[in-house]
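Asker: Questions regarding the structure given below will be posed in turn.
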There are 4 protein chains.
Amino acid sequence: MYFASDNTSGVPERILEALGRANDGFSPGYGTDPLMDALRQRLREVFEAPDAEVFLVATGTAANALALATLTPPWGAIYCHPLAHIEVDECGAPEFYTSGAKLVHVPGENGKIDPDALADTLTQSGRGVVHNVQPGALSLTNLTECGTLYRADEIAALSSVAKAHGLPVHLDGARFANALVAEGCSPAELSWRAGVEALALGGTKNGLMGVEAVILFDPSRAWEFQLRRKRAGHLWSKHRFLSAQVLAWLENGFWLELAEHANHMAARLEDGLSDLAPLVYPRQGNMLFVRLSEEQHFKLQAAGAQFFSSKGGQSASSPAPDGITARLVCSWNTTHEDVDAFLRALKNP
Amino acid sequence: MYFASDNTSGVPERILEALGRANDGFSPGYGTDPLMDALRQRLREVFEAPDAEVFLVATGTAANALALATLTPPWGAIYCHPLAHIEVDECGAPEFYTSGAKLVHVPGENGKIDPDALADTLTQSGRGVVHNVQPGALSLTNLTECGTLYRADEIAALSSVAKAHGLPVHLDGARFANALVAEGCSPAELSWRAGVEALALGGTKNGLMGVEAVILFDPSRAWEFQLRRKRAGHLWSKHRFLSAQVLAWLENGFWLELAEHANHMAARLEDGLSDLAPLVYPRQGNMLFVRLSEEQHFKLQAAGAQFFSSKGGQSASSPAPDGITARLVCSWNTTHEDVDAFLRALKNP
Amino acid sequence: MYFASDNTSGVPERILEALGRANDGFSPGYGTDPLMDALRQRLREVFEAPDAEVFLVATGTAANALALATLTPPWGAIYCHPLAHIEVDECGAPEFYTSGAKLVHVPGENGKIDPDALADTLTQSGRGVVHNVQPGALSLTNLTECGTLYRADEIAALSSVAKAHGLPVHLDGARFANALVAEGCSPAELSWRAGVEALALGGTKNGLMGVEAVILFDPSRAWEFQLRRKRAGHLWSKHRFLSAQVLAWLENGFWLELAEHANHMAARLEDGLSDLAPLVYPRQGNMLFVRLSEEQHFKLQAAGAQFFSSKGGQSASSPAPDGITARLVCSWNTTHEDVDAFLRALKNP
Amino acid sequence: MYFASDNTSGVPERILEALGRANDGFSPGYGTDPLMDALRQRLREVFEAPDAEVFLVATGTAANALALATLTPPWGAIYCHPLAHIEVDECGAPEFYTSGAKLVHVPGENGKIDPDALADTLTQSGRGVVHNVQPGALSLTNLTECGTLYRADEIAALSSVAKAHGLPVHLDGARFANALVAEGCSPAELSWRAGVEALALGGTKNGLMGVEAVILFDPSRAWEFQLRRKRAGHLWSKHRFLSAQVLAWLENGFWLELAEHANHMAARLEDGLSDLAPLVYPRQGNMLFVRLSEEQHFKLQAAGAQFFSSKGGQSASSPAPDGITARLVCSWNTTHEDVDAFLRALKNP
């Protein structure tokens, strides 16, 4: 019963096999491997973006921070939700990579930035006033940290506000595949067609060992990105081992299958929980937040279920004076059996 | 005939198998995996350093830059050889990670810092003068960028000068295993017993996919290191895939076998070259620099040999107004056949 | 009718005279001038802090940012009020100087941090969790940006919370003298006795040309501070011209006289406004925030009064859906005549 | 007998008077003062550069570091002479302000960069290679740290090499006025007409309290400069006190008179020294380096002469195994009497 995170799973056999194939012989390094050429081409097709530039790194924090540093000057403001991963869980990586930009909170329900709140914030941003940090970038996360989904039109609406103020848009897509299958649209629709300039496309949480693809739909700063990546120690010499994983993951829509399965398992959890415990946020992808009583929490722990929980709620917009909020994340390899065992443990008298 | 770099090789089958074994089931992330506990213990034994702290990252640039940032303040001077990898080949990573420290050159023959030059430099370092950057750390590389070896007593002599000026010592050990088998001493003798506080122990160039271990023999700044690693996006969620590789690599001295083989192939190359072309630096590990005539160079290229070369020599101390300097690197999977084919191509009339 | 800021005033004649005297002859530079020795001694006496170290810089932003960088690591959180000058008006200087620390908001009424909110925030700070920025420093401002006063016991209460979590305390004292005469206590009571480690003692807003003294009551990081100051270009070669101003300012309590006058003029304004317009925050020093009708605002502008104003209120805790909030700042050279002219303009039918 | 530095002098009476005049009444702050408008206009005339942007800061280190940060990305190389002030005497300020750029030495005789050495260095700069820092800017100093002069055509020749490699040119003009009167050309000829994009025009060493003007002949990055200045705490609120000094200094060529006098005193020293001690570098402005015997050095010290000295020579290009090298700097207020007393002390049997 492992629901702690989608990054506690390993990788599908196919990924190991791809590593094995890639291992054969000598290969040029540092991103000049033929597999990377193939992958670049493949991602351009998948995203219908023939000019996009693509770069691989091993962690989501690196992908986000490098992308943001490429979009934002040191005196820039990065607008994000107060619960955003870049604000809460990266130990200041964006500040480090940007040499001191400021993350500015824009609120909204269910972990999603409210477009009106964004417009208000940008109207009062102090652009052109030397005493204030200057608008730098909008950063969205999809799926959000609350497990909720921005639909393509919602991203477009936020991008539109951002662009009216001259801001580029970054998308933390650690769970982009889960969002994509939940929304049922094309990769292009959920990214550049909705106004995203830089996408951190997450592989690690969806079945890879530690690979994320940064896709720059605006390739004009690609060289700067490459220098920043190298300088940060994120350019792999044996780069083929990154390329190979992403290629295998994309093949025949395998990445979408993996995400589909994770979402499906979360839906099954949601169904089973419906009579037992209320959800804190709508379930839209592979992650649920559920309110438990102390007793329920105890029963699950006693049964050995693995998940993160916190006293009360997560945010001001969802106060939970009593009880416990549990985060349940399903993965590409979560089984029906695990889900059902979890539900049984909860019902157990 | 691949002699371009030891990082154009893949990994031994055993490493792939270790990944397969590590892939089984769920595992806690971010360095809390049981494999990391085992690895920490193993490295402490291998280095006879029960208090050492050990951290894994994916690249040598990250390992070096994070270690140096932990040792050196932003206003610090990092003393290194003018040909050091951190100076020449990391796109300013140490400057980025330290928030602006200065790399100060200390010369010496064959890529090795001269102890007297170090003493002179430190005597004139401006310690205590507010206008000058302040002594921060000594950084050594073993094997050096010239492929030469610091013996344990040579490292101890340099460390002794450094410590007399209050400086900690960092060792870039991208080819530490090659140095170790060349020197024939123990890991402890070539590191902390010789005065090294922080070792970047290279795995990638000796048979891993992209893993380096930073060993802090002085563990007092281990927490700072961890925060710096996280903040830089170098803390892996699926960390077990790093741990597993290093564990398998250390098992039964496998890492030393791999390095021994690479060194042995380089010795074979050296032998074969003795009548054909002069070495630029003494060959001591798995890397040679050899002076070629234009004709020789042409013959090798025509035969498809892969290696880096430059017009003339590499450094002021080895001027080579005529000819071409070729760098030949042997790897864990370089074959006798490759070496012999290279030599034949050179002799070919 | 100049109420825009206390930094639109010039300097008292005595300060010019002090510059004239200091100008005589040659003097060693970079803070080694005899005047600085005298000033250090004088400030130690004034603050009853014989071990304190004292450094001069030309701006408040530099004083704050350098002090904070000395107290806080790059991965640190600086806890401050959402309206703090360091958060709102310094274009990210603390982030620049600290190499990327994060300013974390702690709310409270009237521009003052609430001790319970601080305790709550620190309890949830994520200390020891590698994914989170780590508690770095508490930063207070006295007088606050709302013109309100922290009494000595209030600072002590906040410091006590901070110290229980191992945090040092920084005080932005751009208007420290105004706070001091408002509170009527000793400099020591309003600083180190209340738990402050680093004070940015403002001279510029209280009659100097551009001089602020950073007082480190904990001198252990004084050398680091000096290196940071030099490296930031804030160490003056002709330092005597800074020392001389502060010495003359301190002489015979002149600095307190200047602040007393400014506070007194603000009190006169407050009295005159009592029937005309409501205050937004309690008036405690030399700065008032007053709610004006559109008509009142127009009359004042027509009469040539200089001040900053904003539609509505300043903060969430003081919403003002209608009307205009005007900030009125009195200075050491604000005259009775100016105050009375302002009030007449407002009453003018 | 004060020859330690031109920054141990005070300021001419006229500068104090200008401060007195500027002190009158209230003035808007932060560079929006009417005096700054006048000064901007005046400097544009003096430099025949109607589009140039001008900004004031208090120190030369700030002027240089801010200008360099505006010209150079964090992964940039700044090419400078090994003896350059930015390399030797600013405690890493350029590295701090650029967030980690690298200062790369280009040698040359007498403290002046050799154009051929520059061309060689740039040809091997690694532009386009991701492992190398990328060419960022050329930084010159005039007068140099050796007291020598770049003539306008020499600057043009170096700029020409820089521009052929796409590099902007920064000029550290701490002693620009001394260079200007020595060369006898116009300010434009010694700056933008010779290819300089950013000039740090020194006032402090030529009679001001602590004011330097940064002149951006390419105004396209002026807003970035302003944000960097603010963020660094170098934007003065009572900015008029900076503007007033530079205005008075420029009036009727006063700045050139001051520099002329300093150079003239140095020429007098040179004349007097001709039979007594050899110069290390040609004397071209207001600074001399002279080789003294131990006995001569002793006599000068006994007579109370103030100057910096070092055992042996300053650089590899001027080895001085025996004796002492003394640096003698004349200032706007050095007197004939001082010069003659110095020479007498030296001759004194």
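Starting from 1 in every chain, residues are counted up; chains themselves are A, B, ... following the order of the structure tokens, and ligands are numbered from 1 as listed.
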I'd like the contact shell of region 201-216 of chain D - 9 Å cut-off, only C-alpha atoms, skipping same-chain residues fewer than 4 positions apart - returned as an NGL selection string.

Answerer: (:C and (236-239 or 241)) or (:D and (5-12 or 15 or 43 or 51-60 or 62-64 or 66-67 or 171-178 or 196-197 or 220-222 or 242-243 or 245-246 or 249 or 255 or 258-259 or 262 or 331-333))

Asker: Residues of chain D within 6 Å of chain B, counting only C-alpha atoms - could you list those as a VMD selection string?

Answerer: chain D and resid 89 to 91 95 to 96 99 to 100 131 to 133

Asker: Please report the interatomic distance between CA of Ser191 (chain B) and CA of Leu39 (chain B) in Å with one decimal.

Answerer: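 CA of Leu39 (chain B) lies at a distance of 18.3 Å from CA of Ser191 (chain B).
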
Asker: When DSSP is applied to the backbone of this structure, which of region 73-315 of chain C are assigned strand (DSSP E or B)? Write them out as an MDAnalysis selection string.

Answerer: chainID C and resid 76:80 102:105 134:141 169:173 198:202 212:216 279 287:292 306 308:312

Asker: In Å, how far is it from CA of Phe3 (chain D) to CA of Leu83 (chain D)?

Answerer: 20.1 Å

Asker: So the first atom is CA of Thr148 (chain C) and the second is CA of Gln284 (chain C); what is the distance between them in Å, to one decimal place?

Answerer: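 Spanning CA of Thr148 (chain C) to CA of Gln284 (chain C) is a straight-line distance of 5.4 Å.
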
Asker: Among region 36-231 of chain B, which residues does DSSP mark as helix (DSSP H, G or I) when it is run on the backbone? Keep the chain and numbering as in the structure and answer as a PyMOL selection string.

Answerer: chain B and resi 36-46+60-71+85-88+93-98+109-111+115-123+152-164+176-183+192-194+204-206+219-231

Asker: Env of Glu270 (chain C): 10 Å cut, atoms = only C-alpha atoms, seq-sep filter 3 positions within chain, self excluded. Answer as JSON, numbers by chain.

Answerer: {"C": [264, 265, 266, 267, 273, 274, 275, 276, 277, 278, 279, 282, 283, 284, 287, 288, 289, 290, 339, 343]}

Asker: Would you please work out which residue, of A:Ala198, A:Ala244, A:Val280, A:Leu19, is nearest to Val169 (chain A) when using only C-alpha atoms?

Answerer: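 Going through A:Ala198, A:Ala244, A:Val280, A:Leu19 one by one, the smallest distance to Val169 (chain A) is for A:Ala198.
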
Asker: Just the residues within 6 Å of region 292-309 of chain A, please, counting only C-alpha atoms, with nothing from its chain fewer than 3 positions along; format it as a ChimeraX atom specification.

Answerer: /A:1-4,323-328,345

Asker: Dump N, CA, C and O atoms for the selected residues as a short mmCIF file (atom, residue, chain, number, x, y, z; two decimals), in the first residue's frame?

Answerer:
```cif
data_model
loop_
_atom_site.label_atom_id
_atom_site.label_comp_id
_atom_site.auth_asym_id
_atom_site.auth_seq_id
_atom_site.Cartn_x
_atom_site.Cartn_y
_atom_site.Cartn_z
N MET A 1 0.84 -1.21 0.00
CA MET A 1 0.00 0.00 0.00
C MET A 1 0.88 1.26 0.00
O MET A 1 0.99 1.95 1.00
N TYR A 2 1.48 1.51 -1.12
CA TYR A 2 2.42 2.62 -1.23
C TYR A 2 1.78 3.80 -1.93
O TYR A 2 1.61 3.79 -3.15
N PHE A 3 1.35 4.78 -1.17
CA PHE A 3 0.73 5.95 -1.76
C PHE A 3 1.48 7.23 -1.36
O PHE A 3 0.94 8.32 -1.40
N ALA A 4 2.73 7.07 -0.96
CA ALA A 4 3.49 8.23 -0.48
C ALA A 4 3.83 9.19 -1.62
O ALA A 4 3.70 10.39 -1.49
N GLY A 323 -9.18 16.73 12.54
CA GLY A 323 -8.84 15.64 11.65
C GLY A 323 -7.49 15.80 11.00
O GLY A 323 -6.68 16.67 11.35
N ILE A 324 -7.30 14.93 10.03
CA ILE A 324 -5.99 14.79 9.40
C ILE A 324 -6.21 14.80 7.89
O ILE A 324 -7.17 14.21 7.39
N THR A 325 -5.32 15.49 7.19
CA THR A 325 -5.39 15.45 5.73
C THR A 325 -4.32 14.50 5.21
O THR A 325 -3.14 14.68 5.52
N ALA A 326 -4.78 13.52 4.46
CA ALA A 326 -3.83 12.56 3.90
C ALA A 326 -3.68 12.80 2.41
O ALA A 326 -4.65 13.10 1.71
N ARG A 327 -2.44 12.71 1.94
CA ARG A 327 -2.17 12.79 0.51
C ARG A 327 -1.92 11.39 -0.02
O ARG A 327 -1.04 10.69 0.49
N LEU A 328 -2.67 11.02 -1.01
CA LEU A 328 -2.54 9.68 -1.59
C LEU A 328 -2.16 9.82 -3.06
O LEU A 328 -2.90 10.43 -3.84
N ALA A 345 -8.66 -1.63 4.59
CA ALA A 345 -8.08 -1.24 5.88
C ALA A 345 -8.88 -0.10 6.50
O ALA A 345 -9.06 -0.02 7.72
#
```
